[in-house]
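Below is one structure, written out as structure tokens; comments come after it.
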Amino acid sequence: MVNENNEFKIDPWSSSNIDDEDIERLVKEFGIERIGEHIRQKVIDNRFIRRKIIFGHRSLNDVFKAIDSKQHWAVMSGIKPSGPFHLGTLTTALEIVEFQKMGAKAYYCIADIEGWEDNGISYEEAENDAIDNLADILALGLDSNPENSYIWRQSKEPIVKDVCFKVGRLVTQAMVNAIYGEKPFGLYLAALIQVGDIVLPQVMDGSQPTIVPVGIDQDPHLRLTRDLTERYYKTFFKPGATYHRLLPGLDGSDKMSKRNPNSYFTFNEPLESIEKKLKGALTGGRRNKKEQQELGGEPQKCMIYKILMYHFEPDDKILAEEFEGCVKGELLCGEHKKTCIERVLKFIKEHQAKKEKLIDKSREILGIQ
Ligand code: SF4
């Protein structure tokens with residue numbers, strides 16, 4: 001988005017989403033590559049790529065080369081422990097699990113330093129959310145076997161701090177201003193800590209392609225990391241990324257954000273509360289049944305449609321039929337919402353049961369009593 005000085009900037013700490021025009025500029029000005037048909041065919045099982053929710057990447061070809069030559073490669077991501085999982089955080093978590101299934105070793109960080117710098121949450125206060133968040137991703141299928149994954153808290157991991165201090169020498173005020181604009185110093189520090197997170201797989205286990213699945217709003221961190229990796233760790237691969245469009249808030253706001261309670265429900269909420277929020281979600285429906293049948297709905301604006309597309313309708317054909325049915329006024333919001341709510345509640349119920357059994361394991365992995 002364009003700031004007051006008419007410069008195009010993304011702010012990874014703001015709540016703004018990015019539209020199609022911004023994506024076009026990212027591709028042109030910052031060198032993000034679009035996911036072309038040849039990549040889509042290679043990972044056709046990945047519904048986020050198939051449905052163009054993941055629309056762009058950096059250095060994904062390094063990963064395919066590693067797969068073809070049976071070399072090791074990594075997927076790295078993490079979560080800021082500032083609240084429970086929601087549908088927005090689910091996207092990244094599923095991407096990590098998906099890449100791990102494709103053969104990557106998964107590196108997952110609990111970003112508690114960022115939680116402190118961005119939200120003022122102390123490391124101790126963050127512990128319960130850290131346990132909870134890790135149990136969520138374990139319940140979603142992350143394999144925590146040490147051969148297949150490494151999980152850490154930023155505040156306890158010497159490698160990330162060490163990298164932060166080392167590369168910090170190469171960072172100037174002009175660089176961080178150009179990438180992030182003027183921010184509290186702690187956020188610059190948190191950005192350098194993230195550089196540490198992203199290169200940790202290569203510091204720990206040797207040079208290897210690393211892919212970081214992120215929402216497009218996180219690209220500034222990737223640009224900084226790639227630049228510093230290239231200059232400081234000359235034998236390392238420049239870390240790559242896949243970029244997904246952020247799921248907007250239930251109320252149609254830019255994204256599901258902990259800063260806007262109307263925009264999301266958490267995975268820990270009572271089912272009745274989730275149901276109520278979904279019933280009130282923004283749709284692309286008309287004022288009444290007659291208008292809907294005459295004019296058709298607008299699925300592209302509809303949160304019910306988007307939630308199904310991102311997470312709860314596995315069949316592309318059915319999704320396409322529903323889109324068409326909506327546009328033609330044959331599908332009505334009441335019945336469509338009902339289907340969506342049933343699926344979401346079923347998922348949450350099963351997820352909560354799985355997760356409960358993984359809390360102790362999560363505690364143990366994080367070394368929290
Ligand atoms: S029919 Fe479904 S997709 Fe269309 S606007 Fe209503 S809820 Fe959304």
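To be explicit about the labels: the chains of the structure tokens are called A, B, and onward in the order shown, and within each one the residues are counted from 1, while ligands get numbers from 1 in the order they are shown.
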
Mind the document's chain letters and residue numbers, and return as a PyMOL selection string the residues of stretch 69-214 of chain A that DSSP labels strand (DSSP E or B).
chain A and resi 74-79+86+105-110+149-153+210-214

12 Å contact set for A:Leu345, only C-alpha atoms, chain neighbours under 2 positions out, as a list in words
Phe265, Thr266, Phe267, Asn268, Glu269, Pro270, Leu271, Glu272, Ser273, Ile274, Glu275, Lys276, Lys277, Leu278, Phe312, Lys338, Thr339, Cys340, Ile341, Glu342, Arg343, Phe347, Ile348, Lys349, Glu350, His351 and Gln352 of chain A

Compile the contact shell of A:Ile32 as a list of chain:residue names: residues with an atom at most 12 Å away, counting only C-alpha atoms, same-chain residues fewer than 2 positions apart removed.
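The residues satisfying every condition are A:Asp22, A:Ile23, A:Glu24, A:Arg25, A:Leu26, A:Val27, A:Lys28, A:Glu29, A:Phe30, A:Arg34, A:Ile35, A:Gly36, A:Ile54, A:Phe55, A:Gly56, A:His57, A:Arg58, A:Ser59, A:Leu60, A:Ile216, A:Asp219, A:Pro220, A:Leu222, A:Arg223, A:Gly240, A:Ala241, A:Thr242, A:Tyr243, A:His244.
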
Residues within 6 Å of ligand 1 should be enumerated using only C-alpha atoms and all ligand atoms and returned as a list of chain:residue names.
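For ligand 1, the residues inside 6 Å are A:Thr283, A:Gly284, A:Gly285, A:Gly297, A:Glu298, A:Pro299, A:Cys302, A:Ile304, A:Tyr305, A:Cys326, A:Leu331, A:Leu332, A:Cys333, A:His336, A:Lys337.
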
Now that the selection is made, can you save its residues with N, CA and C atoms as a PDB file, in the first residue's frame?
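What landed in out.pdb:
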```
ATOM      1  N   THR A 283     -21.796 -11.710   4.152  1.00  0.00           N
ATOM      2  CA  THR A 283     -21.965 -12.521   2.938  1.00  0.00           C
ATOM      3  C   THR A 283     -22.054 -11.576   1.733  1.00  0.00           C
ATOM      4  N   GLY A 284     -22.129 -12.185   0.590  1.00  0.00           N
ATOM      5  CA  GLY A 284     -22.335 -11.388  -0.626  1.00  0.00           C
ATOM      6  C   GLY A 284     -23.779 -11.507  -1.082  1.00  0.00           C
ATOM      7  N   GLY A 285     -24.655 -11.806  -0.112  1.00  0.00           N
ATOM      8  CA  GLY A 285     -26.072 -12.028  -0.443  1.00  0.00           C
ATOM      9  C   GLY A 285     -26.844 -10.715  -0.583  1.00  0.00           C
ATOM     10  N   GLY A 297     -26.019 -13.658  -6.066  1.00  0.00           N
ATOM     11  CA  GLY A 297     -25.167 -13.148  -4.993  1.00  0.00           C
ATOM     12  C   GLY A 297     -23.778 -12.788  -5.494  1.00  0.00           C
ATOM     13  N   GLU A 298     -22.933 -12.346  -4.563  1.00  0.00           N
ATOM     14  CA  GLU A 298     -21.551 -11.962  -4.910  1.00  0.00           C
ATOM     15  C   GLU A 298     -20.576 -12.785  -4.068  1.00  0.00           C
ATOM     16  N   PRO A 299     -20.310 -14.022  -4.499  1.00  0.00           N
ATOM     17  CA  PRO A 299     -19.466 -14.913  -3.680  1.00  0.00           C
ATOM     18  C   PRO A 299     -18.061 -14.358  -3.443  1.00  0.00           C
ATOM     19  N   CYS A 302     -17.923 -12.734  -0.242  1.00  0.00           N
ATOM     20  CA  CYS A 302     -18.622 -13.450   0.832  1.00  0.00           C
ATOM     21  C   CYS A 302     -17.668 -14.239   1.728  1.00  0.00           C
ATOM     22  N   ILE A 304     -18.484 -16.531   3.915  1.00  0.00           N
ATOM     23  CA  ILE A 304     -18.873 -17.951   3.978  1.00  0.00           C
ATOM     24  C   ILE A 304     -18.199 -18.703   2.830  1.00  0.00           C
ATOM     25  N   TYR A 305     -18.260 -18.108   1.645  1.00  0.00           N
ATOM     26  CA  TYR A 305     -17.618 -18.734   0.493  1.00  0.00           C
ATOM     27  C   TYR A 305     -16.104 -18.849   0.708  1.00  0.00           C
ATOM     28  N   CYS A 326     -24.406 -19.454  -6.698  1.00  0.00           N
ATOM     29  CA  CYS A 326     -24.594 -18.181  -5.995  1.00  0.00           C
ATOM     30  C   CYS A 326     -24.814 -17.050  -6.999  1.00  0.00           C
ATOM     31  N   LEU A 331     -28.414 -20.549  -5.364  1.00  0.00           N
ATOM     32  CA  LEU A 331     -28.005 -20.939  -4.005  1.00  0.00           C
ATOM     33  C   LEU A 331     -28.383 -19.795  -3.062  1.00  0.00           C
ATOM     34  N   LEU A 332     -28.972 -20.143  -1.932  1.00  0.00           N
ATOM     35  CA  LEU A 332     -29.380 -19.085  -1.007  1.00  0.00           C
ATOM     36  C   LEU A 332     -28.488 -19.088   0.236  1.00  0.00           C
ATOM     37  N   CYS A 333     -28.321 -17.891   0.802  1.00  0.00           N
ATOM     38  CA  CYS A 333     -27.351 -17.736   1.897  1.00  0.00           C
ATOM     39  C   CYS A 333     -27.691 -18.614   3.105  1.00  0.00           C
ATOM     40  N   HIS A 336     -26.528 -22.147   2.587  1.00  0.00           N
ATOM     41  CA  HIS A 336     -25.080 -22.210   2.413  1.00  0.00           C
ATOM     42  C   HIS A 336     -24.361 -21.958   3.742  1.00  0.00           C
ATOM     43  N   LYS A 337     -24.874 -21.004   4.475  1.00  0.00           N
ATOM     44  CA  LYS A 337     -24.297 -20.718   5.801  1.00  0.00           C
ATOM     45  C   LYS A 337     -24.405 -21.944   6.701  1.00  0.00           C
TER      46      LYS A 337
END
```

Could you name the residues that touch A:Val160 at 9 Å or less, counting only C-alpha atoms, but leaving out those on the same chain fewer than 2 positions away, as a PDB file with C-alpha atoms, in the first residue's frame?
```pdb
ATOM      1  CA  GLN A 154      12.963 -17.248  20.406  1.00  0.00           C
ATOM      2  CA  SER A 155      13.774 -16.107  23.938  1.00  0.00           C
ATOM      3  CA  LYS A 156      15.495 -19.429  24.729  1.00  0.00           C
ATOM      4  CA  GLU A 157      17.289 -20.120  21.462  1.00  0.00           C
ATOM      5  CA  PRO A 158      20.946 -19.030  21.366  1.00  0.00           C
ATOM      6  CA  ASP A 162      23.647 -15.056  17.815  1.00  0.00           C
ATOM      7  CA  VAL A 163      22.523 -14.541  14.199  1.00  0.00           C
ATOM      8  CA  CYS A 164      20.730 -11.345  15.210  1.00  0.00           C
ATOM      9  CA  PHE A 165      23.929  -9.854  16.675  1.00  0.00           C
ATOM     10  CA  LEU A 192      16.536  -9.230  13.159  1.00  0.00           C
ATOM     11  CA  ILE A 193      15.504 -12.005  15.518  1.00  0.00           C
ATOM     12  CA  GLN A 194      13.269 -13.270  12.717  1.00  0.00           C
ATOM     13  CA  VAL A 195      16.293 -13.288  10.441  1.00  0.00           C
ATOM     14  CA  GLY A 196      17.807 -15.613  13.055  1.00  0.00           C
ATOM     15  CA  ASP A 197      14.717 -17.842  12.954  1.00  0.00           C
ATOM     16  CA  ILE A 198      14.767 -18.084   9.188  1.00  0.00           C
ATOM     17  CA  VAL A 199      18.451 -18.955   8.837  1.00  0.00           C
ATOM     18  CA  LEU A 200      18.451 -21.293  11.861  1.00  0.00           C
TER      19      LEU A 200
END
```

Can you tell me which residues surround stretch 102-106 of chain A at a distance of at most 8 Å, considering only C-alpha atoms, apart from same-chain residues fewer than 3 positions away, and format the answer as a PyMOL selection string?
chain A and resi 67+72-76+96-99+147-150

From the DSSP assignment of the backbone, select every residue of stretch 58-277 of chain A that is helix (DSSP H, G or I), and format the answer as a ChimeraX atom specification.
/A:60-68,87-101,112-119,123-139,154-156,158-168,173-180,185-205,216-232,261-263,271-277

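Residues within 12 Å of A:Arg231, counting only C-alpha atoms and excluding same-chain residues fewer than 3 positions away, are Lys166, Val167, Gly168, Arg169, Leu170, Val171, Leu224, Thr225, Arg226, Asp227, Leu228, Lys234, Thr235, Phe236, Phe237 and Lys238 of chain A.
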
Please produce, as a Markdown table, a per-residue contact table for stretch 70-186 of chain A versus stretch 248-260 of chain A (criterion: any atom at most 10 Å away, only C-alpha atoms considered), showing the nearest atom pair and its distance in Å to one decimal, sorted by chain then residue number.
```
| residue | atom | partner | partner_atom | distance |
| --- | --- | --- | --- | --- |
| A:Ser82 | CA | A:Lys258 | CA | 8.1 |
| A:Gly83 | CA | A:Lys258 | CA | 7.3 |
| A:Pro84 | CA | A:Lys258 | CA | 9.0 |
| A:Phe85 | CA | A:Lys258 | CA | 9.8 |
| A:His86 | CA | A:Met256 | CA | 7.8 |
| A:Leu87 | CA | A:Met256 | CA | 7.6 |
| A:Gly88 | CA | A:Met256 | CA | 5.8 |
| A:Thr89 | CA | A:Met256 | CA | 8.7 |
```

Expected file: the selected residues, all heavy atoms, as a PDB file, in the first residue's frame:
```
ATOM      1  N   SER A  82       0.315 -14.819  21.119  1.00  0.00           N
ATOM      2  CA  SER A  82      -0.445 -13.700  21.679  1.00  0.00           C
ATOM      3  C   SER A  82      -1.937 -14.012  21.695  1.00  0.00           C
ATOM      4  O   SER A  82      -2.759 -13.123  21.782  1.00  0.00           O
ATOM      5  CB  SER A  82      -0.172 -12.439  20.858  1.00  0.00           C
ATOM      6  OG  SER A  82      -0.475 -12.666  19.497  1.00  0.00           O
ATOM      7  N   GLY A  83      -2.279 -15.284  21.593  1.00  0.00           N
ATOM      8  CA  GLY A  83      -3.692 -15.670  21.640  1.00  0.00           C
ATOM      9  C   GLY A  83      -3.872 -17.006  20.955  1.00  0.00           C
ATOM     10  O   GLY A  83      -2.932 -17.516  20.336  1.00  0.00           O
ATOM     11  N   PRO A  84      -5.068 -17.576  21.062  1.00  0.00           N
ATOM     12  CA  PRO A  84      -5.303 -18.897  20.459  1.00  0.00           C
ATOM     13  C   PRO A  84      -5.324 -18.869  18.935  1.00  0.00           C
ATOM     14  O   PRO A  84      -5.467 -17.808  18.334  1.00  0.00           O
ATOM     15  CB  PRO A  84      -6.678 -19.297  20.999  1.00  0.00           C
ATOM     16  CG  PRO A  84      -7.047 -18.305  22.032  1.00  0.00           C
ATOM     17  CD  PRO A  84      -6.243 -17.073  21.785  1.00  0.00           C
ATOM     18  N   PHE A  85      -5.218 -20.045  18.346  1.00  0.00           N
ATOM     19  CA  PHE A  85      -5.328 -20.212  16.895  1.00  0.00           C
ATOM     20  C   PHE A  85      -6.684 -19.719  16.396  1.00  0.00           C
ATOM     21  O   PHE A  85      -7.689 -19.818  17.093  1.00  0.00           O
ATOM     22  CB  PHE A  85      -5.231 -21.706  16.549  1.00  0.00           C
ATOM     23  CG  PHE A  85      -3.897 -22.129  15.980  1.00  0.00           C
ATOM     24  CD1 PHE A  85      -2.717 -21.773  16.601  1.00  0.00           C
ATOM     25  CD2 PHE A  85      -3.833 -22.921  14.839  1.00  0.00           C
ATOM     26  CE1 PHE A  85      -1.490 -22.177  16.088  1.00  0.00           C
ATOM     27  CE2 PHE A  85      -2.619 -23.336  14.313  1.00  0.00           C
ATOM     28  CZ  PHE A  85      -1.447 -22.966  14.940  1.00  0.00           C
ATOM     29  N   HIS A  86      -6.697 -19.222  15.165  1.00  0.00           N
ATOM     30  CA  HIS A  86      -7.956 -18.926  14.484  1.00  0.00           C
ATOM     31  C   HIS A  86      -7.795 -19.329  13.016  1.00  0.00           C
ATOM     32  O   HIS A  86      -6.744 -19.885  12.638  1.00  0.00           O
ATOM     33  CB  HIS A  86      -8.346 -17.456  14.656  1.00  0.00           C
ATOM     34  CG  HIS A  86      -7.296 -16.466  14.246  1.00  0.00           C
ATOM     35  ND1 HIS A  86      -6.981 -16.230  12.936  1.00  0.00           N
ATOM     36  CD2 HIS A  86      -6.482 -15.667  14.980  1.00  0.00           C
ATOM     37  CE1 HIS A  86      -6.028 -15.308  12.874  1.00  0.00           C
ATOM     38  NE2 HIS A  86      -5.698 -14.952  14.101  1.00  0.00           N
ATOM     39  N   LEU A  87      -8.807 -19.063  12.198  1.00  0.00           N
ATOM     40  CA  LEU A  87      -8.742 -19.556  10.805  1.00  0.00           C
ATOM     41  C   LEU A  87      -7.599 -18.925  10.011  1.00  0.00           C
ATOM     42  O   LEU A  87      -7.102 -19.517   9.065  1.00  0.00           O
ATOM     43  CB  LEU A  87     -10.069 -19.293  10.075  1.00  0.00           C
ATOM     44  CG  LEU A  87     -11.270 -20.111  10.532  1.00  0.00           C
ATOM     45  CD1 LEU A  87     -12.490 -19.744   9.694  1.00  0.00           C
ATOM     46  CD2 LEU A  87     -11.015 -21.606  10.437  1.00  0.00           C
ATOM     47  N   GLY A  88      -7.187 -17.714  10.397  1.00  0.00           N
ATOM     48  CA  GLY A  88      -6.064 -17.068   9.708  1.00  0.00           C
ATOM     49  C   GLY A  88      -4.759 -17.807   9.988  1.00  0.00           C
ATOM     50  O   GLY A  88      -3.996 -18.104   9.062  1.00  0.00           O
ATOM     51  N   THR A  89      -4.519 -18.133  11.261  1.00  0.00           N
ATOM     52  CA  THR A  89      -3.274 -18.841  11.603  1.00  0.00           C
ATOM     53  C   THR A  89      -3.300 -20.279  11.079  1.00  0.00           C
ATOM     54  O   THR A  89      -2.252 -20.873  10.837  1.00  0.00           O
ATOM     55  CB  THR A  89      -3.025 -18.836  13.131  1.00  0.00           C
ATOM     56  OG1 THR A  89      -4.266 -19.009  13.809  1.00  0.00           O
ATOM     57  CG2 THR A  89      -2.399 -17.562  13.594  1.00  0.00           C
TER      58      THR A  89
END
```
